[in-house]
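I have placed the structure first, in the form of structure tokens, so that the comments after it can refer back to it.
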Amino acid sequence: MKAVVMAGGEGTRLRPLTSNQPKPMVPIVGKPCMEHILELLRDHGFEDVVVTVAFLPQAIRSYFGDGENLGINVQYSVEESPLGTAGSVRLASDVLDETFLVISGDALCDIDLGKIVEFHKEKGAAVTIGMKSVENPLEFGIVVTDEDGRVERFLEKPSWGQVFSDTINTGIYVLEPEVLRHIPTDRPYDFSKELFPLLLEMGRPIYGYVCEGYWQDIGNLDQYRQANFDALDEKVRLNVGGMKIRGDVWVGEGVEIDDVEGVEGPAFIGNYCTISPESSVGPYSVLGPGTTLRERGRVSRSVIDSSCYIGRNAVIEGAILGRNCDVRSRARVHEGVAIGDQVTIGDQAVIYPGVRIYPYKEVEYGAQLHESLIWESRSTARLFGQDGVLGLVNVDLTPEIALRFGAALGTALKRGARVVASRESAPAYQMIKRAIISGLHSTGIQVADLRTLPAPVGKHHLKTQGYDAAFHVGAASHDPEAVQIRLFERKGIALSARLQKEIEKHYTRQELRRVPFSEVGDINYPARARETYAHDLLSSLDATAIKERGFRIIVDYGYSAASYVLPLVLGPLGVEVITAHAFESDSGPSPARLRETIESARRLVPAANADFGAVFDRSAERIYLIDEQGREVRPDQALLLFLQLLGDSGRAGRVVVPINTTSQIEEVTHDRLEVVRTPASLPELTRVASEPGVIFAGAVGGGFIFPDFQPAYDAMASLCKLLELLAVSRSTGTQRGAISEIVAGLPRPTLIHRQVQCPWALKGTVMRVLNERFAAADVDLRDGIKVFDERGWVQVLPDPDEPLVHLYAEGETTAASEELQAEINEIVSGVIEREEIGARS
């Protein structure tokens with residue numbers, strides 16, 4: 001006997017889960033609902049199945065194919081226009097030449113189909129309707145039968161005043177093929193509303209069979225959630241994948257889990273999920289294949305579809321998530337929330353009960369969402385952040401995305417251009433770098449692959465060998481598991497805003513140059529890049545003065561590949577070096593966080609009686625200093641330290657700093673040094689640093705530039721220049737004192753920095769109001785708005801990557817700075833509050 005599975009449902013009440021997939025494809029414990037139905041048919045001997053499809057038919061056809069994987073033969077009947085339940089089956093009438101069964105692909109059940117067929121044949125019925133007793137029949141069609149099971153009356157979705165039975169129509173039918181002749185072809189036609197009442201009126205034998213077993217229509221989100229919970233409670237007999245442990249926990253193939261005791265049943269964990277240490281899977285949790293739950297994350301009473309990412313300390317309770325969702329750290333998703341495919345929930349965001357978020361939306365950092373997000377969306381077309389492209393590997397940054405990014409970069413460059421590539425250790429960085437290189441090759445770009453070397457070496461190779469661009473793949477400073485792609489253009493400066501926009505344009509539009517076979521880019525591996533870098537750096541130093549001083553220092557490489565390069569410089573300088581956390585191999589230990597390496601160096605410096613300590617970030621671009629007493633030199637003080645030493649050295653020229661750094665810079669610089677301020681962006685800082693006459697540039701955060709070597713952040717060059725400046729003051733010929741003594745003589749810092757949450761849509765309003773308010777004041781509009789008065793200055797600077805604004809304030813004393821900061825904070829917060837109240841009213 002053949003079976004017909006009705007799978008044309010659009011599932012509007014299940015949105016956003018069904019916004020971009022048919023209703024029968026919503027997953028129940030790791031499989032589409034329709035797959036469970038097909039397995040039920042197979043287990044009851046139905047080998048030939050016709051599937052009627054209408055909404056997004058290819059999603060069903062591509063998943064099930066011809067049914068071979070399930071051991072059945074599947075054919076498809078496609079509705080070009082809506083035909084109704086009966087009309088869709090009639091469309092397949094040419095293959096339905098004997099008694100056949102009809103069943104819905106979006107109602108979960110384990111009913112004995114063989115008994116319905118047997119009853120049908122026994123009664124000699126034209127139609128047999130599978131019925132089920134339910135507590136609340138209001139949402140279904142009621143069927144009334146006599147003692148023999150013959151149907152006497154139908155009523156579709158009655159009110160309580162019309163309820164005269166609790167047996168409802170399950171949508172499971174056994175039909176004789178001749179009944180299809182009564183279905184018109186010129187309009188939609190329904191089984192229960194039209195065909196069956198017509199046949200009843202004609203006196204045809206229609207019977208109802210009360211089924212035993214489980215049956216649940218998946219018509220809305222509550223029913224969908226309940227169907228998953230019932231499967232976990234084994235109220236419905238299903239073929240659930242994976243291994244069953246502890247009686248009520250299913251664990252799929254390839255699951256990585258630190259402690260099974262952290263899983264509280266009943267629960268389902270699909271194939272290739274990753275459950276990190278200290279995370280918690282609570283009762284009635286369904287995790288689809290490929291889901292990642294990070295440290296201290298918690299999921300309970302929730303259904304999560306495949307390939308979702310749940311960040312550290314995130315909590316999901318009683319919610320439903322679609323495919324490929326990204327829930328960031330410390331986000332919270334409450335009871336009754338439903339989230340569609342490919343939605344990003346930002347750090348610390350809160351989604352309140354009952355909210356629905358439709359596919360492809362992004363909820364910004366720290367947002368509190370009380371209403372459903374259907375049409376509005378913050379655009380995610382922007383690739384670049386403040387310091388390159390950042391994302392979690394295989395979440396935000398997949399090989400496919402990296403390949404497309406490489407092609408976009410190549411398209412933005414001229415055909416035949418040359419690019420330098422480098423990376424940090426770890427296979428993840430290697431994977432992303434290779435994907436980018438493949439994308440570049442597809443556009444005809446030649447690549448020099450430095451393999452595992454620090455970013456400054458790549459920038460130096462770019463500058464000295466006349467390449468057109470460079471990129472470096474490595475760890476983000478705030479999260480060693482996040483991948484950051486840094487890009488540089490000629491001279492080694494950070495990628496300009498103009499070129500960033502050009503790359504983003506090609507990436508988002510997918511307008512990518514594809515070259516023919518003969519023009520595909522080539523790759524080479526420069527043999528002596530690190531030796532050339534070391535030679536050129538040594539040539540820029542007063543090696544004699546450094547040797548005579550006889551330094552002993554601690555260098556914590558932070559597992560960076562700078563340990564391949566720096567010994568080639570410090571050795572000839574006669575510096576005694578004690579190192580920690582040197583690069584070992586791609587399969588070496590997991591990288592430590594920056595704070596951990598700084599604390600380690602603090603303990604090591606006094607123990608080794610060293611002159612000072614230097615800690616590198618993973619890319620060897622930023623340097624963090626420890627004085628001889630084991631105290632960390634604050635980043636703002638480190639900037640002043642370099643400027644003080646430069647001034648004392650007698651050198652003349654321009655020094656470049658961002659506009660939001662302390663005014664104490666002018667106090668420590670001598671008359672021979674001219675201070676130039678730039679917008680608070682790395683591309684602007686490095687661009688101005690590359691101009692003639694600039695001898696130094698730097699910013700708070702450990703990034704320093706010595707343009708006579710290269711106009712880019714370089715921790716190795718910064719360390720060597722510091723050694724030179726400490727060795728001898730060229731103006732006096734006297735040896736410098738200890739770092740702690742120099743720092744003690746610097747002005748006490750009074751600059752205050754605060755952040756205020758500000759929705760993206762209100763950033764422009766905040767800046768407009770501030771410009772109007774301070775129109776007559778002494779202001780600097782180079783970047784944000786900076787306001788000066790007799791007490792000091794304040795600056796308001798919108799963040800380019802997050803929904804917040806930065807507030808800076810500096811007076812002569814900390815108390816004066818606090819007063820200034822409180823005043824500007826009151827103004828900014830007041831603007832945001834008034835606008836939000838106005839939007840709600």
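Following the order of the structure tokens, first chain is A, next is B, and so on, with residues numbered from 1 inside each chain and ligands from 1 in the order they appear.
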Give me the residues within 6 Å of Gly282 of chain A as a PyMOL selection string, counting only C-alpha atoms and dropping any in the same chain fewer than 3 places off.
chain A and resi 264+299-300
Keeping N, CA and C atoms, export the residues of the selection given above as a compact mmCIF listing (two decimals), in the first residue's frame.
```txt
# COMPACT_ATOMS: atom_id res chain seq x y z
N GLU A 264 21.51 17.34 33.26
CA GLU A 264 20.38 16.88 34.07
C GLU A 264 19.25 16.46 33.14
N VAL A 299 21.65 26.06 29.84
CA VAL A 299 20.47 25.85 29.02
C VAL A 299 19.51 24.96 29.80
N SER A 300 18.23 25.33 29.83
CA SER A 300 17.24 24.46 30.45
C SER A 300 15.88 24.71 29.80
```
Under the rule of at most 10 Å, produce a per-residue listing of segment 98-131 of chain A near segment 49-65 of chain A: chain, number, name, the closest pair of atoms, and the distance in Å, as a tab-separated table, using only C-alpha atoms.
```
residue	atom	partner	partner_atom	distance
A:Phe100	CA	A:Val49	CA	9.7
A:Leu101	CA	A:Val49	CA	9.4
A:Val102	CA	A:Val50	CA	9.4
A:Ile103	CA	A:Val51	CA	9.8
A:Ser104	CA	A:Val51	CA	9.8
A:Gly105	CA	A:Val51	CA	8.7
```
I'd like the contact shell of Arg204 of chain A - 10 Å cut-off, only C-alpha atoms, skipping same-chain residues fewer than 6 positions apart - returned as an mmCIF file with all heavy atoms, in the first residue's frame.
```cif
data_model
loop_
_atom_site.group_PDB
_atom_site.id
_atom_site.type_symbol
_atom_site.label_atom_id
_atom_site.label_comp_id
_atom_site.auth_asym_id
_atom_site.auth_seq_id
_atom_site.Cartn_x
_atom_site.Cartn_y
_atom_site.Cartn_z
ATOM 1 N N ALA A 125 -14.927 0.574 3.753
ATOM 2 C CA ALA A 125 -15.145 2.008 3.725
ATOM 3 C C ALA A 125 -14.550 2.642 2.472
ATOM 4 O O ALA A 125 -13.574 2.139 1.894
ATOM 5 C CB ALA A 125 -14.530 2.650 4.961
ATOM 6 N N ALA A 126 -15.144 3.769 2.066
ATOM 7 C CA ALA A 126 -14.527 4.603 1.033
ATOM 8 C C ALA A 126 -13.483 5.513 1.671
ATOM 9 O O ALA A 126 -12.453 5.829 1.076
ATOM 10 C CB ALA A 126 -15.583 5.437 0.318
ATOM 11 N N VAL A 127 -13.779 5.942 2.892
ATOM 12 C CA VAL A 127 -12.867 6.807 3.660
ATOM 13 C C VAL A 127 -12.881 6.347 5.103
ATOM 14 O O VAL A 127 -13.948 6.100 5.671
ATOM 15 C CB VAL A 127 -13.311 8.287 3.594
ATOM 16 C CG1 VAL A 127 -12.432 9.142 4.500
ATOM 17 C CG2 VAL A 127 -13.308 8.814 2.169
ATOM 18 N N VAL A 179 -12.511 8.182 -4.648
ATOM 19 C CA VAL A 179 -13.025 9.405 -4.017
ATOM 20 C C VAL A 179 -12.339 10.651 -4.570
ATOM 21 O O VAL A 179 -12.879 11.763 -4.473
ATOM 22 C CB VAL A 179 -12.875 9.364 -2.476
ATOM 23 C CG1 VAL A 179 -13.552 8.139 -1.896
ATOM 24 C CG2 VAL A 179 -11.421 9.434 -2.037
ATOM 25 N N PHE A 196 -15.206 15.465 2.631
ATOM 26 C CA PHE A 196 -15.876 14.487 3.493
ATOM 27 C C PHE A 196 -17.354 14.827 3.727
ATOM 28 O O PHE A 196 -18.219 13.935 3.667
ATOM 29 C CB PHE A 196 -15.128 14.358 4.824
ATOM 30 C CG PHE A 196 -13.738 13.795 4.692
ATOM 31 C CD1 PHE A 196 -12.798 13.952 5.705
ATOM 32 C CD2 PHE A 196 -13.352 13.084 3.557
ATOM 33 C CE1 PHE A 196 -11.525 13.430 5.594
ATOM 34 C CE2 PHE A 196 -12.070 12.557 3.430
ATOM 35 C CZ PHE A 196 -11.154 12.748 4.445
ATOM 36 N N LEU A 198 -19.260 16.280 1.629
ATOM 37 C CA LEU A 198 -19.900 15.949 0.353
ATOM 38 C C LEU A 198 -20.148 14.447 0.247
ATOM 39 O O LEU A 198 -21.252 13.993 -0.126
ATOM 40 C CB LEU A 198 -19.035 16.431 -0.808
ATOM 41 C CG LEU A 198 -19.498 16.009 -2.211
ATOM 42 C CD1 LEU A 198 -20.853 16.635 -2.540
ATOM 43 C CD2 LEU A 198 -18.445 16.382 -3.257
#
```
Test item: residues at most 7 Å from segment 666-683 of chain A, only C-alpha atoms, excluding those fewer than 2 positions along its chain, as a compact mmCIF listing (two decimals) with N, CA, C and O atoms, in the first residue's frame:
```
# COMPACT_ATOMS: atom_id res chain seq x y z
N GLN A 386 37.55 48.29 14.99
CA GLN A 386 38.59 49.29 15.22
C GLN A 386 39.97 48.76 14.87
O GLN A 386 40.87 49.55 14.58
N ILE A 493 51.37 50.74 7.18
CA ILE A 493 50.37 51.42 8.01
C ILE A 493 49.07 50.61 8.01
O ILE A 493 48.82 49.81 7.12
N ALA A 494 48.26 50.87 9.04
CA ALA A 494 46.97 50.17 9.14
C ALA A 494 46.08 50.53 7.95
O ALA A 494 46.16 51.63 7.40
N LEU A 495 45.24 49.58 7.56
CA LEU A 495 44.39 49.74 6.38
C LEU A 495 43.52 50.99 6.52
O LEU A 495 42.86 51.19 7.54
N SER A 496 43.49 51.80 5.48
CA SER A 496 42.74 53.05 5.52
C SER A 496 41.24 52.79 5.47
O SER A 496 40.78 51.74 5.01
N LEU A 643 57.66 59.34 25.97
CA LEU A 643 57.77 60.74 25.58
C LEU A 643 58.78 61.48 26.46
O LEU A 643 59.54 62.33 25.97
N GLN A 644 58.80 61.17 27.76
CA GLN A 644 59.79 61.78 28.66
C GLN A 644 61.20 61.42 28.23
O GLN A 644 62.09 62.29 28.15
N GLY A 647 62.15 63.22 25.02
CA GLY A 647 62.48 64.62 25.27
C GLY A 647 63.85 64.77 25.91
O GLY A 647 64.63 65.65 25.52
N ALA A 652 64.69 66.07 18.21
CA ALA A 652 63.68 67.05 17.80
C ALA A 652 62.78 66.41 16.75
O ALA A 652 63.19 65.52 16.00
N GLY A 653 61.55 66.90 16.67
CA GLY A 653 60.62 66.39 15.66
C GLY A 653 59.20 66.40 16.19
O GLY A 653 58.89 67.00 17.22
N ARG A 654 58.35 65.70 15.48
CA ARG A 654 56.93 65.65 15.85
C ARG A 654 56.62 64.31 16.51
O ARG A 654 57.14 63.27 16.10
N VAL A 655 55.74 64.35 17.52
CA VAL A 655 55.22 63.12 18.12
C VAL A 655 53.71 63.13 17.93
O VAL A 655 53.07 64.18 18.03
N VAL A 656 53.14 61.97 17.65
CA VAL A 656 51.74 61.86 17.26
C VAL A 656 51.00 61.02 18.29
O VAL A 656 51.44 59.91 18.63
N VAL A 657 49.85 61.53 18.76
CA VAL A 657 49.02 60.80 19.73
C VAL A 657 47.55 61.04 19.36
O VAL A 657 47.23 62.03 18.71
N PRO A 658 46.65 60.13 19.77
CA PRO A 658 45.21 60.35 19.51
C PRO A 658 44.66 61.52 20.31
O PRO A 658 45.20 61.90 21.35
N ILE A 659 43.56 62.04 19.86
CA ILE A 659 42.95 63.22 20.47
C ILE A 659 42.43 62.94 21.87
O ILE A 659 42.29 63.85 22.68
N ASN A 660 42.14 61.67 22.19
CA ASN A 660 41.54 61.35 23.49
C ASN A 660 42.57 60.96 24.54
O ASN A 660 42.21 60.43 25.59
N SER A 663 46.28 65.40 28.38
CA SER A 663 46.96 66.66 28.09
C SER A 663 48.31 66.74 28.80
O SER A 663 49.09 67.67 28.54
N GLN A 664 48.59 65.81 29.69
CA GLN A 664 49.90 65.78 30.35
C GLN A 664 51.03 65.49 29.37
O GLN A 664 52.21 65.70 29.70
N LEU A 685 46.33 57.25 12.99
CA LEU A 685 47.57 57.37 13.76
C LEU A 685 48.77 56.92 12.93
O LEU A 685 49.81 57.60 12.87
N THR A 686 48.66 55.76 12.28
CA THR A 686 49.79 55.25 11.50
C THR A 686 50.01 56.06 10.23
O THR A 686 51.15 56.21 9.77
N ARG A 687 48.93 56.59 9.65
CA ARG A 687 49.10 57.41 8.44
C ARG A 687 49.92 58.67 8.74
O ARG A 687 50.87 59.00 8.02
N ARG A 782 37.40 67.26 15.72
CA ARG A 782 38.19 66.34 14.90
C ARG A 782 37.67 64.91 15.00
O ARG A 782 37.67 64.17 14.02
N ASP A 783 37.23 64.49 16.18
CA ASP A 783 36.70 63.15 16.40
C ASP A 783 35.73 63.22 17.57
O ASP A 783 36.13 63.49 18.70
```
Let me make sure I understand: among A:Ser302, A:Ser279, A:Gln342, A:Thr185, which one has the smallest atom-to-atom distance to Gln226 of chain A if we use only C-alpha atoms?
A:Ser302
I'd like the contact shell of Ile275 of chain A - 7 Å cut-off, only C-alpha atoms, skipping same-chain residues fewer than 5 positions apart - returned as a list in words.
Glu256, Ile257, Asp258, Thr292, Leu293 and Arg294 of chain A
Put those residues in a file: N, CA and C atoms, as a PDB file, in the first residue's frame.
```pdb
ATOM      1  N   GLU A 256      31.551  16.249  22.466  1.00  0.00           N
ATOM      2  CA  GLU A 256      32.644  16.545  23.395  1.00  0.00           C
ATOM      3  C   GLU A 256      32.028  17.113  24.671  1.00  0.00           C
ATOM      4  N   ILE A 257      32.192  16.374  25.751  1.00  0.00           N
ATOM      5  CA  ILE A 257      31.587  16.797  27.014  1.00  0.00           C
ATOM      6  C   ILE A 257      32.552  16.493  28.140  1.00  0.00           C
ATOM      7  N   ASP A 258      32.787  17.492  28.994  1.00  0.00           N
ATOM      8  CA  ASP A 258      33.769  17.345  30.062  1.00  0.00           C
ATOM      9  C   ASP A 258      33.226  16.498  31.209  1.00  0.00           C
ATOM     10  N   THR A 292      27.384  24.479  20.369  1.00  0.00           N
ATOM     11  CA  THR A 292      28.471  24.686  21.322  1.00  0.00           C
ATOM     12  C   THR A 292      27.950  25.449  22.530  1.00  0.00           C
ATOM     13  N   LEU A 293      28.195  24.908  23.713  1.00  0.00           N
ATOM     14  CA  LEU A 293      27.831  25.555  24.975  1.00  0.00           C
ATOM     15  C   LEU A 293      29.124  25.833  25.735  1.00  0.00           C
ATOM     16  N   ARG A 294      29.451  27.127  25.895  1.00  0.00           N
ATOM     17  CA  ARG A 294      30.725  27.501  26.488  1.00  0.00           C
ATOM     18  C   ARG A 294      30.678  27.499  28.011  1.00  0.00           C
TER      19      ARG A 294
END
```
Spatial neighbours of Ala715 of chain A, max dist 12 Å, only C-alpha atoms, sep filter under 6 positions, as a PyMOL selection string
chain A and resi 454-457+555-558+560-563+565-566+614-625+698+701-706+721-722
